[in-house]
Amino acid sequence: LMMSPAMWKWTCLVSHLLLSTTVSPLGRQQPPHPKRPFITFTADQAEGNFNHLVVDERTGHIYLGAVNRIYKLSSDLKVLVTHETGPDDDNPKCYPPRIVQTCNEPLTPTNNINKMLLIDYKENRLIACGSLYQGICKLLRLDDLFKLGEPFHKKEHYLSGVNESGSVFGVIVSYSNMDDKLFIATAVDGKPEYFPTISSRKLTKNSEADGMFAYVFHDEFVASMIKIPSDTFTIIPDFDIYYIYGFSSGNFVYFLTLQPEMISPPGSTTKEQVYTSKLVRLCKEDTAFNSYVEVPIGCEKNGVEYRLLQAAYLSKAGAILARSLGVGPEDDILFTVFSKGQKRKMKSLDESALCIFVLKNINDRIKDRLQSCYRGEGTLDLAWLKVKDIPCSSALLTIDDNFCGLDMNAPLGVSSMVRGLPIFTEDGDRMTSVIAYVYKNHSLAFVGTKSGKLKK
């Protein structure tokens, strides 16, 4: 992922990170450079928490999703346009929302927390999804944030009832000769009957078209979605899948997740709840979601397990890193941040690690698992979605790198963890975000920390 100088002008400045020190290669803290003051933007509104940020890679314009506001900023952080998204009268128990039908619950003025912000380059619009009305989205013109559409009259338009800003992740898959697709992944907050945890939706050319956000495919038996069974919540009452990052590569769409599961510790007869980080993979063209596979990922250094995913970013290897990893310079590399252990999702430990994964290695592990399952070996091994001991069914077919599944042996879990390569650890100031790119054949990573430091 290459970024223009205009993009880098703001990339490391506008998030919640504040650059208070820089860290030299030897670990000595250096004072900030006196001749390079950082440009900042502060909202006027008291409730103006910033939730998401995207940049138009063609113009350098910045779009900032906040509570009750969408801002368009210039590359030097001057406000160009503001669009209000809330507050409005709502109640999270109203399903469908009260704008569709009368709701018996008391309505109160409610903030609209931005949950997803995506640029649809093909149609020159911004997709801004909020927490009001069970998670409906606005389609705004990039130039002036004029509202092109706000579909809300069908159940497919309610994407998620969760109010947290980090609960939804979307990936656009673009086509030259047909409507694009939007893969949406979301926490469901105990409402699996209302919201699929992953689905693929139509992005129609007309922002007011009836089919906007409709499932790519939906009939009586099959749809372009994965739903968490209600039975799962009887085993783990607070079960949910938390989506940390998403991207597309080759023929696939990927999401990096954090999810609870019950395990039996060594020597114990009782089970305890832990969190496991998993990569989820789907074929872009799979309308029935038979290609769903998830594989555990983690990191280990000096006997310490780092298993709680905090952040991730897809980049290229670059010539120098590629040589040491034995891959090509254009191969996809995942930069990931994990914190120590598996037990604390909400209060992660400060010890953290920056680790890299070669995407091809993860895909090879998935292919091996698919091949063994279609030989009839083992079980589907996806406890939260189906009973754990459903055996794999044997079928005579060739499974290559781009195999997209059949209506058997799906969805599928990989039991053995893929371990990343730890390249940096931090014990006192937890790493919370990461971005990476290639510069003159070198791979560079910027990491943000819990206390607001930026490390290069």
# chains A, B, ... in the order shown; residues from 1 in each chain; ligands from 1
>>> residues_around(residues="A:Lys316", least_positions_apart="6", cutoff="12 Å", atoms="only C-alpha atoms", output="list of chain:residue names")
A:Leu1, A:Met2, A:Ser249, A:Ala322, A:Val327, A:Gly328, A:Pro329, A:Glu330, A:Asp331, A:Asp332, A:Ile333, A:Leu334, A:Phe335, A:Ile356, A:Phe357, A:Val358, A:Leu359, A:Lys360, A:Ile435, A:Ala436, A:Tyr437, A:Val438, A:Tyr439, A:Asn441, A:His442, A:Ser443, A:Leu444, A:Ala445
>>> write_last_selection(atoms="C-alpha atoms", output="compact mmCIF listing (two decimals), in the first residue's frame")
# COMPACT_ATOMS: atom_id res chain seq x y z
CA LEU A 1 0.00 0.00 0.00
CA MET A 2 1.80 3.11 -1.22
CA SER A 249 -6.00 -9.56 -1.35
CA ALA A 322 11.49 -10.07 1.51
CA VAL A 327 9.45 -14.22 -0.23
CA GLY A 328 9.02 -11.74 -3.09
CA PRO A 329 9.13 -7.94 -2.56
CA GLU A 330 5.46 -7.64 -3.68
CA ASP A 331 4.22 -10.37 -1.33
CA ASP A 332 1.62 -9.25 1.20
CA ILE A 333 2.82 -8.88 4.79
CA LEU A 334 0.57 -8.40 7.81
CA PHE A 335 1.97 -6.15 10.53
CA ILE A 356 4.68 -9.93 11.06
CA PHE A 357 2.92 -12.65 9.09
CA VAL A 358 3.47 -13.59 5.46
CA LEU A 359 -0.05 -13.84 4.08
CA LYS A 360 0.98 -16.64 1.72
CA ILE A 435 0.72 1.38 9.98
CA ALA A 436 3.49 0.27 7.60
CA TYR A 437 4.83 0.99 4.13
CA VAL A 438 7.87 0.42 1.92
CA TYR A 439 10.40 3.21 1.36
CA ASN A 441 13.18 -1.15 -0.44
CA HIS A 442 12.97 -0.84 3.36
CA SER A 443 9.88 -1.78 5.37
CA LEU A 444 8.94 0.92 7.85
CA ALA A 445 6.33 0.69 10.59
>>> select_by_dssp(residues="stretch 244-396 of chain A", states="alpha helix (DSSP H)", output="ChimeraX atom specification")
/A:318-325,359-373
>>> select_by_dssp(residues="stretch 90-214 of chain A", states="strand (DSSP E or B)", output="ChimeraX atom specification")
/A:90,108-110,113-120,125-130,137-141,147-149,168-173,180-186,198-203
>>> residues_around(residues="stretch 100-114 of chain A", least_positions_apart="6", cutoff="12 Å", atoms="only C-alpha atoms", output="number ranges by chain")
A: 47-53, 63-71, 84-94, 127-138, 151-155, 157-158, 160-169
>>> closest_residue(among="A:Ala319, A:Met431, A:Leu148, A:Leu282", to="A:Ser348", atoms="only C-alpha atoms")
A:Met431
>>> closest_residue(among="A:Ser200, A:Ser176, A:Ser394, A:Thr432", to="A:Glu156", atoms="only C-alpha atoms")
A:Ser200
>>> atom_distance(atom1="atom CA of A:Lys191", atom2="atom CA of A:Ala311")
25.5 Å
>>> atom_distance(atom1="atom CA of A:Asp400", atom2="atom CA of A:Ser372")
12.6 Å
>>> residues_around(residues="A:Leu385", least_positions_apart="6", cutoff="10 Å", atoms="only C-alpha atoms", output="VMD selection string")
chain A and resid 226 to 232 410 to 413
>>> write_last_selection(atoms="N, CA, C and O atoms", output="tab-separated table (two decimals), in the first residue's frame")
chain	number	residue	atom	x	y	z
A	226	ILE	N	-23.03	-14.94	7.43
A	226	ILE	CA	-22.79	-15.89	8.51
A	226	ILE	C	-23.52	-15.36	9.74
A	226	ILE	O	-23.32	-14.20	10.14
A	227	LYS	N	-24.37	-16.19	10.34
A	227	LYS	CA	-25.05	-15.80	11.58
A	227	LYS	C	-24.52	-16.66	12.73
A	227	LYS	O	-24.26	-17.84	12.56
A	228	ILE	N	-24.36	-16.04	13.89
A	228	ILE	CA	-23.96	-16.78	15.09
A	228	ILE	C	-25.21	-17.47	15.63
A	228	ILE	O	-26.22	-16.80	15.88
A	229	PRO	N	-25.20	-18.80	15.81
A	229	PRO	CA	-26.38	-19.48	16.33
A	229	PRO	C	-26.71	-19.02	17.75
A	229	PRO	O	-25.83	-18.78	18.56
A	230	SER	N	-28.01	-18.93	18.04
A	230	SER	CA	-28.44	-18.52	19.39
A	230	SER	C	-27.92	-19.48	20.44
A	230	SER	O	-27.65	-19.09	21.58
A	231	ASP	N	-27.77	-20.77	20.08
A	231	ASP	CA	-27.29	-21.76	21.04
A	231	ASP	C	-25.91	-21.42	21.59
A	231	ASP	O	-25.57	-21.79	22.72
A	232	THR	N	-25.12	-20.72	20.79
A	232	THR	CA	-23.76	-20.37	21.22
A	232	THR	C	-23.80	-19.55	22.50
A	232	THR	O	-22.93	-19.69	23.37
A	410	ALA	N	-18.15	-26.96	5.56
A	410	ALA	CA	-18.11	-25.50	5.74
A	410	ALA	C	-19.20	-25.10	6.72
A	410	ALA	O	-20.25	-25.73	6.76
A	411	PRO	N	-18.95	-24.05	7.49
A	411	PRO	CA	-17.69	-23.33	7.65
A	411	PRO	C	-16.68	-24.15	8.42
A	411	PRO	O	-17.04	-25.06	9.16
A	412	LEU	N	-15.42	-23.80	8.25
A	412	LEU	CA	-14.33	-24.65	8.72
A	412	LEU	C	-13.38	-23.88	9.63
A	412	LEU	O	-13.09	-22.71	9.38
A	413	GLY	N	-12.90	-24.55	10.67
A	413	GLY	CA	-11.90	-23.96	11.54
A	413	GLY	C	-10.58	-24.69	11.43
A	413	GLY	O	-10.54	-25.90	11.19
>>> residues_around(residues="A:Asn124", least_positions_apart="3", cutoff="9 Å", atoms="only C-alpha atoms", output="list in words")
Ile119, Asp120, Tyr121, Leu140, Arg141, Leu142 and Asp143 of chain A
>>> write_last_selection(atoms="all heavy atoms", output="mmCIF file, in the first residue's frame")
data_model
loop_
_atom_site.group_PDB
_atom_site.id
_atom_site.type_symbol
_atom_site.label_atom_id
_atom_site.label_comp_id
_atom_site.auth_asym_id
_atom_site.auth_seq_id
_atom_site.Cartn_x
_atom_site.Cartn_y
_atom_site.Cartn_z
ATOM 1 N N ILE A 119 -14.467 5.194 1.821
ATOM 2 C CA ILE A 119 -14.560 5.947 0.578
ATOM 3 C C ILE A 119 -14.894 4.980 -0.560
ATOM 4 O O ILE A 119 -14.187 3.995 -0.773
ATOM 5 C CB ILE A 119 -13.251 6.698 0.270
ATOM 6 C CG1 ILE A 119 -13.017 7.801 1.299
ATOM 7 C CG2 ILE A 119 -13.294 7.294 -1.137
ATOM 8 C CD1 ILE A 119 -11.726 8.577 1.103
ATOM 9 N N ASP A 120 -15.997 5.258 -1.245
ATOM 10 C CA ASP A 120 -16.378 4.517 -2.441
ATOM 11 C C ASP A 120 -15.877 5.332 -3.640
ATOM 12 O O ASP A 120 -16.560 6.222 -4.136
ATOM 13 C CB ASP A 120 -17.902 4.353 -2.472
ATOM 14 C CG ASP A 120 -18.381 3.576 -3.693
ATOM 15 O OD1 ASP A 120 -17.540 3.221 -4.543
ATOM 16 O OD2 ASP A 120 -19.605 3.339 -3.804
ATOM 17 N N TYR A 121 -14.652 5.038 -4.075
ATOM 18 C CA TYR A 121 -14.002 5.835 -5.118
ATOM 19 C C TYR A 121 -14.778 5.794 -6.434
ATOM 20 O O TYR A 121 -14.865 6.786 -7.152
ATOM 21 C CB TYR A 121 -12.573 5.343 -5.349
ATOM 22 C CG TYR A 121 -11.623 5.731 -4.242
ATOM 23 C CD1 TYR A 121 -11.191 4.798 -3.309
ATOM 24 C CD2 TYR A 121 -11.157 7.039 -4.130
ATOM 25 C CE1 TYR A 121 -10.325 5.156 -2.294
ATOM 26 C CE2 TYR A 121 -10.281 7.400 -3.127
ATOM 27 C CZ TYR A 121 -9.871 6.457 -2.210
ATOM 28 O OH TYR A 121 -9.009 6.815 -1.199
ATOM 29 N N LEU A 140 -22.706 9.979 1.349
ATOM 30 C CA LEU A 140 -22.448 11.412 1.217
ATOM 31 C C LEU A 140 -21.527 11.677 0.035
ATOM 32 O O LEU A 140 -20.552 10.946 -0.184
ATOM 33 C CB LEU A 140 -21.788 11.958 2.497
ATOM 34 C CG LEU A 140 -22.502 11.657 3.819
ATOM 35 C CD1 LEU A 140 -21.665 12.155 4.991
ATOM 36 C CD2 LEU A 140 -23.882 12.296 3.846
ATOM 37 N N ARG A 141 -21.827 12.728 -0.720
ATOM 38 C CA ARG A 141 -20.968 13.105 -1.840
ATOM 39 C C ARG A 141 -19.626 13.593 -1.295
ATOM 40 O O ARG A 141 -19.576 14.421 -0.383
ATOM 41 C CB ARG A 141 -21.657 14.195 -2.666
ATOM 42 C CG ARG A 141 -20.989 14.478 -3.999
ATOM 43 C CD ARG A 141 -21.964 15.160 -4.957
ATOM 44 N NE ARG A 141 -22.475 16.414 -4.376
ATOM 45 C CZ ARG A 141 -23.606 16.996 -4.791
ATOM 46 N NH1 ARG A 141 -24.339 16.439 -5.737
ATOM 47 N NH2 ARG A 141 -23.999 18.128 -4.230
ATOM 48 N N LEU A 142 -18.532 13.104 -1.861
ATOM 49 C CA LEU A 142 -17.200 13.448 -1.345
ATOM 50 C C LEU A 142 -16.933 14.949 -1.421
ATOM 51 O O LEU A 142 -16.306 15.520 -0.533
ATOM 52 C CB LEU A 142 -16.108 12.701 -2.123
ATOM 53 C CG LEU A 142 -15.938 11.203 -1.840
ATOM 54 C CD1 LEU A 142 -14.826 10.641 -2.716
ATOM 55 C CD2 LEU A 142 -15.631 10.938 -0.380
ATOM 56 N N ASP A 143 -17.414 15.589 -2.474
ATOM 57 C CA ASP A 143 -17.066 16.997 -2.690
ATOM 58 C C ASP A 143 -17.578 17.892 -1.569
ATOM 59 O O ASP A 143 -16.834 18.714 -1.028
ATOM 60 C CB ASP A 143 -17.645 17.477 -4.029
ATOM 61 C CG ASP A 143 -17.087 16.695 -5.206
ATOM 62 O OD1 ASP A 143 -16.030 16.049 -5.021
ATOM 63 O OD2 ASP A 143 -17.696 16.711 -6.289
#
